[in-house]
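Text of work_19.tsv (TSV, N, CA and C atoms) as supplied:
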```
chain	number	residue	atom	x	y	z
F	1	MET	N	4.96	-50.35	129.76
F	1	MET	CA	6.31	-49.87	129.94
F	1	MET	C	7.27	-51.05	129.75
F	2	LYS	N	8.35	-50.83	129.00
F	2	LYS	CA	9.33	-51.87	128.76
F	2	LYS	C	10.00	-52.26	130.08
F	3	GLU	N	10.41	-53.51	130.17
F	3	GLU	CA	10.97	-54.06	131.42
F	3	GLU	C	12.09	-53.22	132.02
F	4	ASN	N	12.99	-52.69	131.20
F	4	ASN	CA	14.13	-51.93	131.72
F	4	ASN	C	13.85	-50.44	131.87
F	5	ASN	N	12.62	-50.02	131.61
F	5	ASN	CA	12.27	-48.62	131.78
F	5	ASN	C	11.97	-48.33	133.24
F	6	ILE	N	12.17	-47.07	133.63
F	6	ILE	CA	11.87	-46.63	134.99
F	6	ILE	C	11.15	-45.29	134.92
F	7	ARG	N	10.55	-44.89	136.02
F	7	ARG	CA	10.00	-43.53	136.10
F	7	ARG	C	11.17	-42.57	136.20
F	8	GLY	N	11.14	-41.54	135.39
F	8	GLY	CA	12.21	-40.55	135.44
F	8	GLY	C	11.95	-39.48	136.48
F	9	GLY	N	10.72	-39.44	136.99
F	9	GLY	CA	10.35	-38.44	137.97
F	9	GLY	C	8.88	-38.56	138.31
F	10	ASP	N	8.42	-37.72	139.22
F	10	ASP	CA	7.03	-37.77	139.66
F	10	ASP	C	6.23	-36.54	139.24
F	11	ALA	N	6.86	-35.64	138.50
F	11	ALA	CA	6.18	-34.43	138.06
F	11	ALA	C	6.76	-34.00	136.71
F	12	PRO	N	5.97	-33.31	135.90
F	12	PRO	CA	6.47	-32.85	134.60
F	12	PRO	C	7.50	-31.73	134.77
F	13	ILE	N	8.24	-31.48	133.70
F	13	ILE	CA	9.23	-30.41	133.70
F	13	ILE	C	8.84	-29.41	132.61
F	14	GLN	N	8.80	-28.13	132.99
F	14	GLN	CA	8.47	-27.09	132.03
F	14	GLN	C	9.72	-26.75	131.22
F	15	VAL	N	9.57	-26.70	129.90
F	15	VAL	CA	10.68	-26.38	129.02
F	15	VAL	C	10.23	-25.38	127.96
F	16	LYS	N	11.18	-24.65	127.43
F	16	LYS	CA	10.93	-23.75	126.31
F	16	LYS	C	11.42	-24.46	125.06
F	17	LEU	N	10.51	-24.71	124.13
F	17	LEU	CA	10.83	-25.42	122.89
F	17	LEU	C	10.98	-24.42	121.75
F	18	GLU	N	12.04	-24.57	120.98
F	18	GLU	CA	12.30	-23.68	119.84
F	18	GLU	C	11.67	-24.26	118.58
F	19	ALA	N	11.20	-23.39	117.71
F	19	ALA	CA	10.59	-23.81	116.45
F	19	ALA	C	11.60	-24.55	115.57
F	20	ASP	N	11.13	-25.61	114.93
F	20	ASP	CA	11.89	-26.38	113.93
F	20	ASP	C	13.19	-26.99	114.46
F	21	LYS	N	13.31	-27.15	115.75
F	21	LYS	CA	14.47	-27.81	116.35
F	21	LYS	C	14.04	-29.23	116.74
F	22	ASN	N	14.89	-30.21	116.49
F	22	ASN	CA	14.57	-31.59	116.87
F	22	ASN	C	14.97	-31.84	118.32
F	23	TYR	N	14.07	-32.48	119.05
F	23	TYR	CA	14.30	-32.85	120.44
F	23	TYR	C	14.16	-34.35	120.59
F	24	SER	N	14.88	-34.94	121.51
F	24	SER	CA	14.76	-36.36	121.82
F	24	SER	C	14.29	-36.49	123.26
F	25	TRP	N	13.01	-36.81	123.41
F	25	TRP	CA	12.40	-36.97	124.73
F	25	TRP	C	12.74	-38.36	125.26
F	26	CYS	N	13.24	-38.44	126.47
F	26	CYS	CA	13.59	-39.71	127.10
F	26	CYS	C	12.31	-40.49	127.38
F	27	SER	N	12.18	-41.66	126.78
F	27	SER	CA	11.00	-42.50	127.02
F	27	SER	C	11.28	-43.65	127.99
F	28	CYS	N	12.56	-43.80	128.39
F	28	CYS	CA	12.92	-44.93	129.25
F	28	CYS	C	13.09	-44.55	130.72
F	29	GLY	N	13.26	-43.26	131.01
F	29	GLY	CA	13.43	-42.80	132.39
F	29	GLY	C	14.86	-42.75	132.88
F	30	HIS	N	15.81	-43.24	132.11
F	30	HIS	CA	17.21	-43.26	132.54
F	30	HIS	C	17.99	-42.01	132.15
F	31	GLY	N	17.44	-41.20	131.26
F	31	GLY	CA	18.14	-40.02	130.74
F	31	GLY	C	18.10	-38.84	131.69
F	32	ASP	N	18.67	-37.73	131.23
F	32	ASP	CA	18.62	-36.46	131.96
F	32	ASP	C	17.26	-35.84	131.66
F	33	GLN	N	16.33	-36.02	132.55
F	33	GLN	CA	14.94	-35.65	132.32
F	33	GLN	C	14.76	-34.19	131.96
F	34	PRO	N	13.93	-33.91	130.98
F	34	PRO	CA	13.08	-34.84	130.24
F	34	PRO	C	13.70	-35.34	128.94
F	35	PHE	N	14.97	-35.01	128.69
F	35	PHE	CA	15.57	-35.35	127.41
F	35	PHE	C	16.52	-36.55	127.50
F	36	CYS	N	16.72	-37.17	126.35
F	36	CYS	CA	17.57	-38.37	126.23
F	36	CYS	C	19.05	-38.00	126.31
F	37	ASN	N	19.82	-38.84	126.98
F	37	ASN	CA	21.28	-38.69	127.01
F	37	ASN	C	21.97	-39.96	126.53
F	38	GLY	N	21.20	-40.87	125.93
F	38	GLY	CA	21.77	-42.11	125.40
F	38	GLY	C	21.79	-43.26	126.39
F	39	SER	N	21.30	-43.06	127.59
F	39	SER	CA	21.33	-44.10	128.63
F	39	SER	C	20.55	-45.36	128.24
F	40	HIS	N	19.58	-45.22	127.33
F	40	HIS	CA	18.77	-46.37	126.92
F	40	HIS	C	19.64	-47.48	126.32
F	41	ARG	N	20.76	-47.11	125.71
F	41	ARG	CA	21.64	-48.12	125.12
F	41	ARG	C	22.21	-49.04	126.19
F	42	LYS	N	22.78	-48.45	127.22
F	42	LYS	CA	23.38	-49.22	128.32
F	42	LYS	C	22.31	-50.03	129.07
F	43	GLU	N	21.14	-49.44	129.26
F	43	GLU	CA	20.08	-50.07	130.04
F	43	GLU	C	19.21	-51.01	129.22
F	44	LYS	N	19.43	-51.05	127.90
F	44	LYS	CA	18.62	-51.87	126.99
F	44	LYS	C	17.13	-51.54	127.16
F	45	ALA	N	16.86	-50.24	127.16
F	45	ALA	CA	15.50	-49.73	127.36
F	45	ALA	C	14.98	-49.12	126.06
F	46	THR	N	13.81	-48.53	126.11
F	46	THR	CA	13.18	-48.01	124.90
F	46	THR	C	13.92	-46.80	124.33
F	47	LEU	N	13.79	-46.66	123.03
F	47	LEU	CA	14.41	-45.55	122.32
F	47	LEU	C	13.70	-44.25	122.63
F	48	PRO	N	14.39	-43.11	122.48
F	48	PRO	CA	13.74	-41.82	122.72
F	48	PRO	C	12.72	-41.51	121.63
F	49	LEU	N	11.84	-40.59	121.94
F	49	LEU	CA	10.87	-40.08	120.97
F	49	LEU	C	11.43	-38.77	120.42
F	50	THR	N	11.67	-38.71	119.13
F	50	THR	CA	12.16	-37.49	118.50
F	50	THR	C	10.97	-36.68	118.03
F	51	PHE	N	10.97	-35.38	118.34
F	51	PHE	CA	9.87	-34.51	117.96
F	51	PHE	C	10.36	-33.10	117.74
F	52	SER	N	9.53	-32.29	117.10
F	52	SER	CA	9.80	-30.87	116.92
F	52	SER	C	8.47	-30.13	117.00
F	53	VAL	N	8.54	-28.84	117.14
F	53	VAL	CA	7.33	-28.00	117.16
F	53	VAL	C	7.44	-26.97	116.05
F	54	GLU	N	6.30	-26.53	115.55
F	54	GLU	CA	6.30	-25.59	114.43
F	54	GLU	C	6.58	-24.16	114.86
F	55	GLU	N	6.23	-23.83	116.10
F	55	GLU	CA	6.52	-22.50	116.60
F	55	GLU	C	7.00	-22.59	118.04
F	56	GLU	N	7.79	-21.60	118.45
F	56	GLU	CA	8.33	-21.58	119.81
F	56	GLU	C	7.20	-21.62	120.82
F	57	LYS	N	7.38	-22.42	121.88
F	57	LYS	CA	6.35	-22.49	122.92
F	57	LYS	C	6.93	-23.05	124.20
F	58	GLU	N	6.20	-22.82	125.29
F	58	GLU	CA	6.50	-23.44	126.59
F	58	GLU	C	5.64	-24.70	126.67
F	59	ALA	N	6.19	-25.76	127.23
F	59	ALA	CA	5.45	-27.01	127.36
F	59	ALA	C	5.88	-27.73	128.62
F	60	TRP	N	4.98	-28.57	129.13
F	60	TRP	CA	5.29	-29.43	130.28
F	60	TRP	C	5.53	-30.83	129.73
F	61	LEU	N	6.77	-31.32	129.87
F	61	LEU	CA	7.12	-32.65	129.36
F	61	LEU	C	7.07	-33.68	130.48
F	62	CYS	N	6.57	-34.83	130.14
F	62	CYS	CA	6.37	-35.93	131.08
F	62	CYS	C	7.70	-36.52	131.56
F	63	THR	N	7.77	-36.86	132.84
F	63	THR	CA	8.93	-37.59	133.37
F	63	THR	C	8.53	-38.95	133.94
F	64	CYS	N	7.23	-39.15	134.20
F	64	CYS	CA	6.79	-40.42	134.80
F	64	CYS	C	6.68	-41.53	133.76
F	65	LYS	N	6.64	-41.16	132.47
F	65	LYS	CA	6.57	-42.09	131.34
F	65	LYS	C	5.24	-42.82	131.24
F	66	LEU	N	4.22	-42.34	131.92
F	66	LEU	CA	2.89	-42.95	131.87
F	66	LEU	C	1.92	-42.19	130.98
F	67	THR	N	2.34	-41.04	130.45
F	67	THR	CA	1.46	-40.21	129.64
F	67	THR	C	0.90	-40.96	128.43
F	68	LYS	N	-0.31	-40.62	128.06
F	68	LYS	CA	-0.92	-41.17	126.84
F	68	LYS	C	-0.69	-40.22	125.67
F	69	ASN	N	0.02	-39.10	125.92
F	69	ASN	CA	0.27	-38.09	124.91
F	69	ASN	C	1.76	-37.68	124.91
F	70	PRO	N	2.68	-38.65	124.73
F	70	PRO	CA	4.10	-38.32	124.79
F	70	PRO	C	4.49	-37.32	123.71
F	71	PRO	N	5.37	-36.41	124.01
F	71	PRO	CA	6.18	-36.27	125.22
F	71	PRO	C	5.51	-35.40	126.29
F	72	TYR	N	4.29	-34.97	126.04
F	72	TYR	CA	3.63	-33.99	126.91
F	72	TYR	C	2.94	-34.66	128.11
F	73	CYS	N	2.99	-33.99	129.23
F	73	CYS	CA	2.33	-34.48	130.45
F	73	CYS	C	0.82	-34.43	130.25
F	74	ASP	N	0.14	-35.49	130.66
F	74	ASP	CA	-1.34	-35.51	130.64
F	74	ASP	C	-1.92	-35.72	132.04
F	75	GLY	N	-1.06	-35.59	133.06
F	75	GLY	CA	-1.52	-35.75	134.44
F	75	GLY	C	-1.51	-37.18	134.94
F	76	SER	N	-1.01	-38.13	134.15
F	76	SER	CA	-1.01	-39.54	134.56
F	76	SER	C	-0.23	-39.78	135.84
F	77	HIS	N	0.73	-38.92	136.16
F	77	HIS	CA	1.53	-39.09	137.38
F	77	HIS	C	0.67	-38.93	138.63
F	78	ASN	N	-0.51	-38.34	138.49
F	78	ASN	CA	-1.41	-38.14	139.63
F	78	ASN	C	-2.24	-39.38	139.96
F	79	ALA	N	-2.26	-40.33	139.06
F	79	ALA	CA	-3.10	-41.53	139.26
F	79	ALA	C	-2.45	-42.54	140.19
```
Reformat the file's structure so that it appears as structure tokens.
Amino acid sequence: MKENNIRGGDAPIQVKLEADKNYSWCSCGHGDQPFCNGSHRKEKATLPLTFSVEEEKEAWLCTCKLTKNPPYCDGSHNA
């Protein structure tokens, strides 16, 4: 984790993702979880991860920033 990054939370957040829409997942912990609000600029933290999905789906997005499968929660917050 980059020096200026923080945990954005202790549990994942369930979201509905739309097909072919671009999302910016907060990777620094300073944003409006689980998505980026540009706070990384002020905090000099890591850039967001931009992603999209091919079809509409529900997903659990990581807020602890420890996942090995960003932006999706892999249970790392339990360790």
Counting all atoms listed in the file, what is within 6 Å of Ala19 in chain F, bar same-chain residues fewer than 2 positions away, as a PyMOL selection string? chain F and resi 17+21+53-57
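Counting only N, CA and C atoms, Cys62 in chain F has the following residues at most 6.5 Å away, ignoring those fewer than 2 positions along the same chain: Ala11, Pro12, Ile13, Pro34, Trp60, Cys64, Lys65, Pro71, Tyr72, Cys73 and Asp74 of chain F.
When only C-alpha atoms are used to measure the gap to Asn37 in chain F, the shortest distance among F:Asn5, F:Leu49, F:Ser24, F:Ser76 belongs to F:Ser24.
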Near Gln14 in chain F, within 6.5 Å and counting all atoms listed in the file, which residues show up once chain neighbours fewer than 5 positions away are dropped, as number ranges by chain? F: 58-61
Given only N, CA and C atoms as the basis, pick out the residue of F:Asn22, F:His77, F:Asn69, F:Lys44 nearest to Gly9 in chain F. F:His77
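The interatomic distance for the pair CA of Asn78 in chain F and atom N of Asn4 in chain F works out to 22.1 Å.
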Report as a PyMOL selection string: the residues of chain F with a DSSP assignment of strand (DSSP E), based on the backbone of this structure. chain F and resi 13-17+23-25+49-51+57-61
Could those selected residues go to a file with N, CA and C atoms, as a PDB file, in the frame of the given file?
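File written: result07.pdb
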```pdb
ATOM      1  N   ILE F  13       8.240 -31.480 133.700  1.00  0.00           N
ATOM      2  CA  ILE F  13       9.230 -30.410 133.700  1.00  0.00           C
ATOM      3  C   ILE F  13       8.840 -29.410 132.610  1.00  0.00           C
ATOM      4  N   GLN F  14       8.800 -28.130 132.990  1.00  0.00           N
ATOM      5  CA  GLN F  14       8.470 -27.090 132.030  1.00  0.00           C
ATOM      6  C   GLN F  14       9.720 -26.750 131.220  1.00  0.00           C
ATOM      7  N   VAL F  15       9.570 -26.700 129.900  1.00  0.00           N
ATOM      8  CA  VAL F  15      10.680 -26.380 129.020  1.00  0.00           C
ATOM      9  C   VAL F  15      10.230 -25.380 127.960  1.00  0.00           C
ATOM     10  N   LYS F  16      11.180 -24.650 127.430  1.00  0.00           N
ATOM     11  CA  LYS F  16      10.930 -23.750 126.310  1.00  0.00           C
ATOM     12  C   LYS F  16      11.420 -24.460 125.060  1.00  0.00           C
ATOM     13  N   LEU F  17      10.510 -24.710 124.130  1.00  0.00           N
ATOM     14  CA  LEU F  17      10.830 -25.420 122.890  1.00  0.00           C
ATOM     15  C   LEU F  17      10.980 -24.420 121.750  1.00  0.00           C
ATOM     16  N   TYR F  23      14.070 -32.480 119.050  1.00  0.00           N
ATOM     17  CA  TYR F  23      14.300 -32.850 120.440  1.00  0.00           C
ATOM     18  C   TYR F  23      14.160 -34.350 120.590  1.00  0.00           C
ATOM     19  N   SER F  24      14.880 -34.940 121.510  1.00  0.00           N
ATOM     20  CA  SER F  24      14.760 -36.360 121.820  1.00  0.00           C
ATOM     21  C   SER F  24      14.290 -36.490 123.260  1.00  0.00           C
ATOM     22  N   TRP F  25      13.010 -36.810 123.410  1.00  0.00           N
ATOM     23  CA  TRP F  25      12.400 -36.970 124.730  1.00  0.00           C
ATOM     24  C   TRP F  25      12.740 -38.360 125.260  1.00  0.00           C
ATOM     25  N   LEU F  49      11.840 -40.590 121.940  1.00  0.00           N
ATOM     26  CA  LEU F  49      10.870 -40.080 120.970  1.00  0.00           C
ATOM     27  C   LEU F  49      11.430 -38.770 120.420  1.00  0.00           C
ATOM     28  N   THR F  50      11.670 -38.710 119.130  1.00  0.00           N
ATOM     29  CA  THR F  50      12.160 -37.490 118.500  1.00  0.00           C
ATOM     30  C   THR F  50      10.970 -36.680 118.030  1.00  0.00           C
ATOM     31  N   PHE F  51      10.970 -35.380 118.340  1.00  0.00           N
ATOM     32  CA  PHE F  51       9.870 -34.510 117.960  1.00  0.00           C
ATOM     33  C   PHE F  51      10.360 -33.100 117.740  1.00  0.00           C
ATOM     34  N   LYS F  57       7.380 -22.420 121.880  1.00  0.00           N
ATOM     35  CA  LYS F  57       6.350 -22.490 122.920  1.00  0.00           C
ATOM     36  C   LYS F  57       6.930 -23.050 124.200  1.00  0.00           C
ATOM     37  N   GLU F  58       6.200 -22.820 125.290  1.00  0.00           N
ATOM     38  CA  GLU F  58       6.500 -23.440 126.590  1.00  0.00           C
ATOM     39  C   GLU F  58       5.640 -24.700 126.670  1.00  0.00           C
ATOM     40  N   ALA F  59       6.190 -25.760 127.230  1.00  0.00           N
ATOM     41  CA  ALA F  59       5.450 -27.010 127.360  1.00  0.00           C
ATOM     42  C   ALA F  59       5.880 -27.730 128.620  1.00  0.00           C
ATOM     43  N   TRP F  60       4.980 -28.570 129.130  1.00  0.00           N
ATOM     44  CA  TRP F  60       5.290 -29.430 130.280  1.00  0.00           C
ATOM     45  C   TRP F  60       5.530 -30.830 129.730  1.00  0.00           C
ATOM     46  N   LEU F  61       6.770 -31.320 129.870  1.00  0.00           N
ATOM     47  CA  LEU F  61       7.120 -32.650 129.360  1.00  0.00           C
ATOM     48  C   LEU F  61       7.070 -33.680 130.480  1.00  0.00           C
TER      49      LEU F  61
END
```
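Atom pair CA of Lys68 in chain F / CA of Cys26 in chain F has a distance of 14.6 Å (rounded to one decimal).
One finds CA of Phe51 in chain F at 21.0 Å from CA of Ile6 in chain F.
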Looking only at the backbone, which of the residues in chain F does DSSP tag as helix (DSSP H, G or I), as a ChimeraX atom specification? /F:39-43,76-78
What would range 12-23 of chain F look like with all heavy atoms in place, written as a short mmCIF file (atom, residue, chain, number, x, y, z; two decimals), in the frame of the given file?
```cif
data_model
loop_
_atom_site.label_atom_id
_atom_site.label_comp_id
_atom_site.auth_asym_id
_atom_site.auth_seq_id
_atom_site.Cartn_x
_atom_site.Cartn_y
_atom_site.Cartn_z
N PRO F 12 5.97 -33.31 135.90
CA PRO F 12 6.47 -32.85 134.60
C PRO F 12 7.50 -31.73 134.77
O PRO F 12 7.60 -31.13 135.84
CB PRO F 12 5.21 -32.33 133.91
CG PRO F 12 4.33 -31.90 135.01
CD PRO F 12 4.58 -32.87 136.14
N ILE F 13 8.24 -31.48 133.70
CA ILE F 13 9.23 -30.41 133.70
C ILE F 13 8.84 -29.41 132.61
O ILE F 13 8.60 -29.80 131.47
CB ILE F 13 10.64 -30.96 133.43
CG1 ILE F 13 11.07 -31.88 134.58
CG2 ILE F 13 11.65 -29.83 133.23
CD1 ILE F 13 12.41 -32.56 134.38
N GLN F 14 8.80 -28.13 132.99
CA GLN F 14 8.47 -27.09 132.03
C GLN F 14 9.72 -26.75 131.22
O GLN F 14 10.79 -26.54 131.79
CB GLN F 14 7.95 -25.85 132.73
CG GLN F 14 7.45 -24.79 131.77
CD GLN F 14 6.85 -23.59 132.48
OE1 GLN F 14 7.14 -23.33 133.64
NE2 GLN F 14 6.01 -22.87 131.77
N VAL F 15 9.57 -26.70 129.90
CA VAL F 15 10.68 -26.38 129.02
C VAL F 15 10.23 -25.38 127.96
O VAL F 15 9.05 -25.29 127.63
CB VAL F 15 11.25 -27.64 128.31
CG1 VAL F 15 11.86 -28.60 129.31
CG2 VAL F 15 10.20 -28.33 127.49
N LYS F 16 11.18 -24.65 127.43
CA LYS F 16 10.93 -23.75 126.31
C LYS F 16 11.42 -24.46 125.06
O LYS F 16 12.60 -24.81 124.96
CB LYS F 16 11.69 -22.43 126.51
CG LYS F 16 11.43 -21.41 125.44
CD LYS F 16 12.14 -20.11 125.75
CE LYS F 16 11.83 -19.06 124.71
NZ LYS F 16 12.48 -17.78 125.03
N LEU F 17 10.51 -24.71 124.13
CA LEU F 17 10.83 -25.42 122.89
C LEU F 17 10.98 -24.42 121.75
O LEU F 17 10.13 -23.54 121.58
CB LEU F 17 9.74 -26.44 122.57
CG LEU F 17 9.49 -27.50 123.64
CD1 LEU F 17 8.28 -28.35 123.28
CD2 LEU F 17 10.73 -28.38 123.82
N GLU F 18 12.04 -24.57 120.98
CA GLU F 18 12.30 -23.68 119.84
C GLU F 18 11.67 -24.26 118.58
O GLU F 18 11.64 -25.48 118.38
CB GLU F 18 13.80 -23.53 119.64
CG GLU F 18 14.52 -22.90 120.81
CD GLU F 18 16.03 -22.87 120.60
OE1 GLU F 18 16.48 -22.75 119.44
OE2 GLU F 18 16.75 -22.98 121.61
N ALA F 19 11.20 -23.39 117.71
CA ALA F 19 10.59 -23.81 116.45
C ALA F 19 11.60 -24.55 115.57
O ALA F 19 12.78 -24.18 115.50
CB ALA F 19 10.05 -22.60 115.71
N ASP F 20 11.13 -25.61 114.93
CA ASP F 20 11.89 -26.38 113.93
C ASP F 20 13.19 -26.99 114.46
O ASP F 20 14.09 -27.30 113.69
CB ASP F 20 12.18 -25.51 112.70
CG ASP F 20 10.90 -25.01 112.06
OD1 ASP F 20 9.93 -25.79 111.95
OD2 ASP F 20 10.86 -23.82 111.69
N LYS F 21 13.31 -27.15 115.75
CA LYS F 21 14.47 -27.81 116.35
C LYS F 21 14.04 -29.23 116.74
O LYS F 21 12.94 -29.44 117.24
CB LYS F 21 14.93 -27.06 117.60
CG LYS F 21 16.12 -27.68 118.28
CD LYS F 21 16.57 -26.86 119.49
CE LYS F 21 17.71 -27.55 120.21
NZ LYS F 21 18.14 -26.80 121.38
N ASN F 22 14.89 -30.21 116.49
CA ASN F 22 14.57 -31.59 116.87
C ASN F 22 14.97 -31.84 118.32
O ASN F 22 16.07 -31.46 118.74
CB ASN F 22 15.30 -32.59 115.97
CG ASN F 22 14.72 -32.63 114.58
OD1 ASN F 22 13.53 -32.39 114.39
ND2 ASN F 22 15.53 -32.93 113.61
N TYR F 23 14.07 -32.48 119.05
CA TYR F 23 14.30 -32.85 120.44
C TYR F 23 14.16 -34.35 120.59
O TYR F 23 13.39 -34.99 119.86
CB TYR F 23 13.26 -32.17 121.36
CG TYR F 23 13.39 -30.67 121.40
CD1 TYR F 23 12.65 -29.87 120.53
CD2 TYR F 23 14.25 -30.06 122.30
CE1 TYR F 23 12.77 -28.49 120.56
CE2 TYR F 23 14.37 -28.68 122.33
CZ TYR F 23 13.63 -27.90 121.46
OH TYR F 23 13.75 -26.55 121.49
#
```
